[in-house]
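The next block is coords.txt, given as compact mmCIF, C-alpha atoms and all ligand atoms.
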```txt
# COMPACT_ATOMS: atom_id res chain seq x y z
CA MET A 123 -69.12 -19.00 37.48
CA PRO A 124 -67.29 -15.87 36.33
CA ASP A 125 -67.93 -14.65 32.83
CA ALA A 126 -64.68 -15.29 30.94
CA THR A 127 -65.59 -13.05 28.02
CA SER A 128 -66.29 -9.89 29.99
CA LYS A 129 -62.59 -9.07 30.53
CA THR A 130 -61.59 -9.52 26.90
CA GLU A 131 -64.58 -7.78 25.34
CA LYS A 132 -63.69 -4.51 23.69
CA PRO A 133 -65.50 -1.51 25.12
CA PHE A 134 -67.82 0.31 22.72
CA LEU A 135 -66.10 3.61 23.41
CA THR A 136 -62.36 4.16 23.31
CA ASP A 137 -60.98 5.07 26.74
CA VAL A 138 -59.72 8.58 27.41
CA LYS A 139 -56.05 7.60 27.67
CA THR A 140 -56.05 5.90 24.26
CA LEU A 141 -57.85 8.87 22.71
CA ARG A 142 -55.28 11.25 24.21
CA ASP A 143 -52.34 9.10 23.11
CA ARG A 144 -53.73 8.75 19.59
CA ALA A 145 -54.33 12.50 19.28
CA ARG A 146 -50.71 13.22 20.23
CA LYS A 147 -49.40 10.92 17.54
CA ASP A 148 -49.38 12.26 13.98
CA ILE A 149 -50.51 15.75 14.96
CA ALA A 150 -49.55 16.94 11.47
CA GLU A 151 -52.58 15.01 10.19
CA GLY A 152 -54.81 17.70 11.70
CA ALA A 153 -58.46 16.67 11.67
CA ILE A 154 -57.69 13.21 10.26
CA THR A 155 -57.49 10.89 13.25
CA PRO A 156 -56.95 7.10 13.23
CA ASN A 157 -60.67 6.29 13.27
CA TYR A 158 -61.28 8.30 10.07
CA LYS A 159 -62.61 5.55 7.84
CA GLY A 160 -62.57 7.45 4.58
CA ASP A 161 -59.74 7.75 2.12
CA PRO A 162 -58.63 11.39 2.53
CA LYS A 163 -56.91 11.51 -0.86
CA HIS A 164 -59.92 10.20 -2.71
CA THR A 165 -62.27 12.42 -0.68
CA VAL A 166 -60.18 15.46 -1.65
CA GLU A 167 -60.38 14.43 -5.32
CA ILE A 168 -64.17 14.14 -5.11
CA LEU A 169 -64.42 17.47 -3.28
CA GLN A 170 -62.35 19.21 -5.99
CA THR A 171 -65.15 18.28 -8.40
CA VAL A 172 -67.76 19.64 -5.98
CA LEU A 173 -65.68 22.81 -5.57
CA ALA A 174 -65.48 23.30 -9.36
CA THR A 175 -69.24 22.71 -9.63
CA GLU A 176 -69.93 25.37 -7.00
CA ILE A 177 -67.53 27.88 -8.62
CA VAL A 178 -69.24 27.37 -12.00
CA CYS A 179 -72.62 27.92 -10.27
CA VAL A 180 -71.33 31.17 -8.70
CA LEU A 181 -70.16 32.37 -12.14
CA ARG A 182 -73.32 31.38 -14.01
CA TYR A 183 -75.74 32.92 -11.49
CA THR A 184 -73.60 36.08 -11.28
CA LEU A 185 -73.64 36.46 -15.06
CA HIS A 186 -77.41 35.93 -15.10
CA ALA A 187 -77.97 38.36 -12.22
CA ILE A 188 -76.22 41.04 -14.25
CA THR A 189 -77.40 40.29 -17.78
CA ALA A 190 -81.05 39.22 -17.35
CA THR A 191 -83.36 41.57 -19.21
CA GLY A 192 -87.04 41.79 -20.00
CA ILE A 193 -90.35 42.24 -18.25
CA SER A 194 -90.16 41.63 -14.48
CA SER A 195 -86.47 40.81 -14.82
CA ASP A 196 -85.71 42.75 -11.61
CA SER A 197 -87.23 40.13 -9.33
CA VAL A 198 -85.55 37.34 -11.32
CA LYS A 199 -82.21 39.15 -11.14
CA ALA A 200 -82.59 39.40 -7.37
CA GLU A 201 -83.26 35.67 -7.17
CA PHE A 202 -80.19 34.90 -9.34
CA ALA A 203 -78.05 37.18 -7.15
CA GLU A 204 -79.24 35.43 -3.99
CA HIS A 205 -78.42 32.04 -5.48
CA ALA A 206 -74.96 33.29 -6.50
CA LYS A 207 -74.34 34.26 -2.87
CA GLU A 208 -75.45 30.87 -1.59
CA GLU A 209 -73.31 29.05 -4.17
CA GLN A 210 -70.38 31.07 -2.91
CA GLU A 211 -71.06 29.90 0.65
CA HIS A 212 -71.01 26.30 -0.64
CA MET A 213 -67.76 27.01 -2.46
CA MET A 214 -66.16 28.26 0.78
CA ALA A 215 -67.41 25.31 2.87
CA VAL A 216 -66.09 22.77 0.37
CA ALA A 217 -62.73 24.56 0.04
CA GLU A 218 -62.36 24.57 3.82
CA ARG A 219 -63.15 20.87 4.06
CA ILE A 220 -60.52 20.11 1.40
CA THR A 221 -57.98 22.02 3.50
CA GLN A 222 -59.00 20.14 6.67
CA LEU A 223 -58.37 16.88 4.84
CA GLY A 224 -54.86 17.98 3.91
CA GLY A 225 -55.57 19.01 0.32
CA GLU A 226 -55.26 22.28 -1.50
CA PRO A 227 -58.51 23.63 -2.93
CA ASN A 228 -58.19 23.91 -6.71
CA PHE A 229 -59.31 27.39 -7.80
CA ASP A 230 -57.35 27.24 -11.05
CA PRO A 231 -59.52 28.68 -13.86
CA GLU A 232 -57.66 26.37 -16.26
CA GLY A 233 -59.77 23.24 -16.68
CA LEU A 234 -62.47 24.52 -14.33
CA ALA A 235 -65.36 23.74 -16.69
CA SER A 236 -64.24 20.15 -17.20
CA ARG A 237 -63.73 19.55 -13.46
CA SER A 238 -67.29 20.73 -12.79
CA VAL A 239 -70.31 18.44 -13.19
CA SER A 240 -72.66 21.32 -14.01
CA GLN A 241 -72.13 23.54 -17.03
CA TYR A 242 -71.52 27.20 -17.56
CA SER A 243 -74.38 27.76 -19.97
CA THR A 244 -76.52 30.71 -20.68
CA GLY A 245 -79.17 31.73 -23.14
CA PRO A 246 -80.34 34.89 -24.79
CA SER A 247 -83.69 35.04 -23.02
CA LEU A 248 -84.74 35.10 -19.40
CA VAL A 249 -86.52 31.77 -19.84
CA ASP A 250 -83.36 30.21 -21.31
CA MET A 251 -81.37 31.37 -18.31
CA ILE A 252 -83.90 29.99 -15.86
CA LYS A 253 -83.92 26.67 -17.74
CA GLU A 254 -80.11 26.42 -17.72
CA ASN A 255 -80.05 27.08 -13.98
CA LEU A 256 -82.74 24.50 -13.37
CA ILE A 257 -80.77 21.91 -15.37
CA ALA A 258 -77.56 22.75 -13.47
CA GLU A 259 -79.35 22.41 -10.12
CA ARG A 260 -80.82 19.06 -11.12
CA ILE A 261 -77.36 17.78 -12.07
CA ALA A 262 -75.93 18.97 -8.73
CA VAL A 263 -78.83 17.41 -6.77
CA ASP A 264 -78.29 14.07 -8.51
CA HIS A 265 -74.53 14.15 -7.95
CA TYR A 266 -74.72 15.21 -4.29
CA ARG A 267 -77.29 12.54 -3.45
CA GLU A 268 -74.87 9.94 -4.76
CA LEU A 269 -72.02 11.45 -2.75
CA ILE A 270 -74.07 11.33 0.46
CA ARG A 271 -74.58 7.60 -0.05
CA TYR A 272 -70.90 7.19 -0.89
CA PHE A 273 -69.60 8.96 2.24
CA GLY A 274 -72.08 7.25 4.57
CA ASP A 275 -70.46 6.64 7.96
CA ASN A 276 -66.91 6.66 6.62
CA ASP A 277 -66.75 10.44 6.63
CA PRO A 278 -69.77 11.84 8.50
CA THR A 279 -68.42 15.43 8.47
CA THR A 280 -68.17 15.54 4.69
CA ARG A 281 -71.52 13.77 4.38
CA VAL A 282 -73.28 16.26 6.68
CA MET A 283 -71.74 19.17 4.77
CA ILE A 284 -72.97 17.78 1.43
CA GLU A 285 -76.40 17.11 2.98
CA GLY A 286 -76.62 20.79 3.95
CA ILE A 287 -75.60 21.88 0.46
CA LEU A 288 -78.03 19.42 -1.14
CA ALA A 289 -80.97 20.90 0.80
CA VAL A 290 -80.13 24.36 -0.60
CA GLU A 291 -79.69 23.02 -4.17
CA GLU A 292 -83.12 21.40 -3.92
CA GLU A 293 -84.56 24.78 -2.91
CA HIS A 294 -82.74 26.38 -5.84
CA ALA A 295 -84.20 23.84 -8.27
CA SER A 296 -87.66 24.44 -6.89
CA ASP A 297 -87.20 28.26 -7.12
CA MET A 298 -86.12 27.92 -10.77
CA LEU A 299 -89.13 25.74 -11.58
CA ASP A 300 -91.44 28.35 -9.98
CA LEU A 301 -89.79 31.08 -12.07
CA LEU A 302 -90.07 28.98 -15.20
CA ASN A 303 -93.79 28.48 -14.65
CA LEU A 304 -94.26 32.14 -13.81
CA HIS A 305 -92.49 33.25 -16.98
CA GLY A 306 -94.32 30.90 -19.27
CA GLY A 307 -91.47 28.57 -20.17
CA LYS A 308 -92.39 24.92 -20.31
FE FE A 401 -74.31 25.14 -4.50
FE FE A 402 -77.66 25.80 -6.43
```
Here is the file; what I need is its structure written in the form of structure tokens.
Ligand SMILES: [Fe+2]
Ligand SMILES: [Fe+2]
Amino acid sequence: MPDATSKTEKPFLTDVKTLRDRARKDIAEGAITPNYKGDPKHTVEILQTVLATEIVCVLRYTLHAITATGISSDSVKAEFAEHAKEEQEHMMAVAERITQLGGEPNFDPEGLASRSVSQYSTGPSLVDMIKENLIAERIAVDHYRELIRYFGDNDPTTRVMIEGILAVEEEHASDMLDLLNLHGGK
């Protein structure tokens, strides 16, 4: 007896013709194709917050790299400068993803601090600076972990990008804790 269901069952993978036809339709949507399960507008809104967070991190680490003083501040300055560079790479990746999703990355200095989840804080001493950076990293780590769960399979590209950034922020937090212990701040 022939299997009646086999003909009507949907294949797991979309056939080439359908993929080609779909890609031709709505080409102005760029990277957003019909099987994108996320909400591009909402994703862009979330990523504007991530972008602001990364910009604030670039600014804070840059300030610290320049203004840190005291015994053995040279090695700490170098660490701050390296982090500033990595935060800038995050900033670029997030801005590019916003563009791919049809948004315009918000680099407006107006309102930047309130769009960001981490703060632009500093302190007079080296230990204060290290502490502020550690706090900022911990906030970013917490926020990005939540975002990874939120994006899940609906937007794997954004999720994978945030996962990559998260791994670096975790390293940053761990570097700051090492520096804090080294410089006697508890
Ligand atoms: Fe970052
Ligand atoms: Fe970081």
Within 6 Å of ligand FE 401 (chain A), which residues show up when you count all atoms listed in the file? List them as a compact mmCIF listing (two decimals) with C-alpha atoms, in the frame of the given file, please.
```
# COMPACT_ATOMS: atom_id res chain seq x y z
CA GLU A 176 -69.93 25.37 -7.00
CA GLU A 209 -73.31 29.05 -4.17
CA HIS A 212 -71.01 26.30 -0.64
CA GLU A 291 -79.69 23.02 -4.17
```
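Considering the residues A:Asp161, A:Asp277, A:Glu254, A:Asp137 and counting only C-alpha atoms and all ligand atoms, ligand FE 402 (chain A) has its shortest atom-to-atom contact with A:Glu254.
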| request: Return as a ChimeraX atom specification every polymer residue, whether protein, DNA or RNA, with at least one atom no more than 8 Å from an atom of ligand FE 402 (chain A); count all atoms listed in the file. | output: /A:176,179,205-206,208-209,258-259,262,290-295
| task | With a distance cut-off of 10 Å and only C-alpha atoms, select the neighbouring residues of A:Arg237, excluding the residue or stretch itself and same-chain residues fewer than 5 positions from it, and output the selection as number ranges by chain. | result | A: 168, 170-175, 178, 228, 232
Near A:Arg142, within 12 Å and counting all atoms listed in the file, which residues show up once chain neighbours fewer than 6 positions away are dropped, as a PDB file with C-alpha atoms, in the frame of the given file?
```
ATOM      1  CA  THR A 136     -62.360   4.160  23.310  1.00  0.00           C
ATOM      2  CA  ASP A 148     -49.380  12.260  13.980  1.00  0.00           C
ATOM      3  CA  ILE A 149     -50.510  15.750  14.960  1.00  0.00           C
ATOM      4  CA  THR A 155     -57.490  10.890  13.250  1.00  0.00           C
ATOM      5  CA  PRO A 156     -56.950   7.100  13.230  1.00  0.00           C
TER       6      PRO A 156
END
```
| request: Rank A:Thr280, A:Leu256, A:Tyr266, A:Pro246 by their smallest atom-to-atom distance to A:Phe202, using all atoms listed in the file, and report the top residue only. | output: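 So, comparing all the options, the nearest one is A:Leu256.
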| said: Show me, as an NGL selection string, the residues that have an atom within 12 Å of A:His305 when counting all atoms listed in the file, minus same-chain residues fewer than 2 positions from it. | reply: :A and (192-195 or 197-198 or 247-253 or 298-303 or 307-308)
| query | Which of these, A:Ser243, A:Asn255, A:Thr221, A:Ser238, has the shortest distance to A:Pro162 once you count all atoms listed in the file? | reply |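 Checking each of A:Ser243, A:Asn255, A:Thr221, A:Ser238 against A:Pro162, counting all atoms listed in the file, the winner is A:Thr221.
Interatomic distance, atom CA of A:Val166 against atom CA of A:Arg271: 16.5 Å.
Nearest to A:Gly286 of all the residues A:Ala235, A:Val216, A:Leu185, A:Leu304 is A:Val216, based on all atoms listed in the file.
Coordinates place atom CA of A:Glu201 at a distance of 7.8 Å from atom CA of A:Ala187.
We find atom CA of A:Gly160 and atom CA of A:Ile284 to be spaced 15.0 Å apart.
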| Within 10 Å of A:Glu151 using all atoms listed in the file, minus same-chain residues under 4 positions, as a list in words | Ala145, Lys147, Thr155, Pro156, Gln222, Leu223 and Gly224 of chain A
Give me a file of those residues, with C-alpha atoms, as a JSON list (two decimals), in the frame of the given file.
```
[["chain", "number", "residue", "atom", "x", "y", "z"],
["A", 145, "ALA", "CA", -54.33, 12.50, 19.28],
["A", 147, "LYS", "CA", -49.40, 10.92, 17.54],
["A", 155, "THR", "CA", -57.49, 10.89, 13.25],
["A", 156, "PRO", "CA", -56.95, 7.10, 13.23],
["A", 222, "GLN", "CA", -59.00, 20.14, 6.67],
["A", 223, "LEU", "CA", -58.37, 16.88, 4.84],
["A", 224, "GLY", "CA", -54.86, 17.98, 3.91]]
```
Completion step: stretch 136-159 of chain A with N, CA and C atoms as a compact mmCIF listing (two decimals), in the coordinates of the input:
```txt
# COMPACT_ATOMS: atom_id res chain seq x y z
N THR A 136 -63.79 4.17 23.03
CA THR A 136 -62.36 4.16 23.31
C THR A 136 -62.10 4.92 24.61
N ASP A 137 -61.22 4.38 25.46
CA ASP A 137 -60.98 5.07 26.74
C ASP A 137 -60.20 6.37 26.52
N VAL A 138 -60.29 7.23 27.51
CA VAL A 138 -59.72 8.58 27.41
C VAL A 138 -58.21 8.55 27.14
N LYS A 139 -57.51 7.63 27.82
CA LYS A 139 -56.05 7.60 27.67
C LYS A 139 -55.68 7.28 26.22
N THR A 140 -56.35 6.27 25.66
CA THR A 140 -56.05 5.90 24.26
C THR A 140 -56.35 7.06 23.33
N LEU A 141 -57.49 7.71 23.55
CA LEU A 141 -57.85 8.87 22.71
C LEU A 141 -56.78 9.94 22.78
N ARG A 142 -56.30 10.20 24.02
CA ARG A 142 -55.28 11.25 24.21
C ARG A 142 -53.97 10.85 23.54
N ASP A 143 -53.59 9.57 23.71
CA ASP A 143 -52.34 9.10 23.11
C ASP A 143 -52.41 9.19 21.59
N ARG A 144 -53.55 8.75 21.05
CA ARG A 144 -53.73 8.75 19.59
C ARG A 144 -53.65 10.16 19.02
N ALA A 145 -54.29 11.11 19.76
CA ALA A 145 -54.33 12.50 19.28
C ALA A 145 -52.94 13.11 19.24
N ARG A 146 -52.08 12.67 20.18
CA ARG A 146 -50.71 13.22 20.23
C ARG A 146 -49.86 12.71 19.08
N LYS A 147 -50.16 11.49 18.66
CA LYS A 147 -49.40 10.92 17.54
C LYS A 147 -49.87 11.59 16.25
N ASP A 148 -49.02 11.74 15.30
CA ASP A 148 -49.38 12.26 13.98
C ASP A 148 -50.18 13.55 14.03
N ILE A 149 -49.74 14.50 14.86
CA ILE A 149 -50.51 15.75 14.96
C ILE A 149 -50.55 16.51 13.64
N ALA A 150 -49.57 16.24 12.77
CA ALA A 150 -49.55 16.94 11.47
C ALA A 150 -50.74 16.55 10.60
N GLU A 151 -51.42 15.46 10.97
CA GLU A 151 -52.58 15.01 10.19
C GLU A 151 -53.81 15.89 10.45
N GLY A 152 -53.71 16.78 11.42
CA GLY A 152 -54.81 17.70 11.70
C GLY A 152 -56.08 16.98 12.09
N ALA A 153 -57.15 17.23 11.32
CA ALA A 153 -58.46 16.67 11.67
C ALA A 153 -58.58 15.18 11.34
N ILE A 154 -57.61 14.64 10.62
CA ILE A 154 -57.69 13.21 10.26
C ILE A 154 -57.09 12.37 11.38
N THR A 155 -57.94 11.71 12.13
CA THR A 155 -57.49 10.89 13.25
C THR A 155 -57.58 9.42 12.85
N PRO A 156 -57.00 8.50 13.66
CA PRO A 156 -56.95 7.10 13.23
C PRO A 156 -58.31 6.45 12.94
N ASN A 157 -59.39 6.95 13.56
CA ASN A 157 -60.67 6.29 13.27
C ASN A 157 -61.40 6.92 12.07
N TYR A 158 -60.71 7.78 11.32
CA TYR A 158 -61.28 8.30 10.07
C TYR A 158 -61.30 7.15 9.08
N LYS A 159 -62.51 6.74 8.67
CA LYS A 159 -62.61 5.55 7.84
C LYS A 159 -62.56 5.85 6.34
```
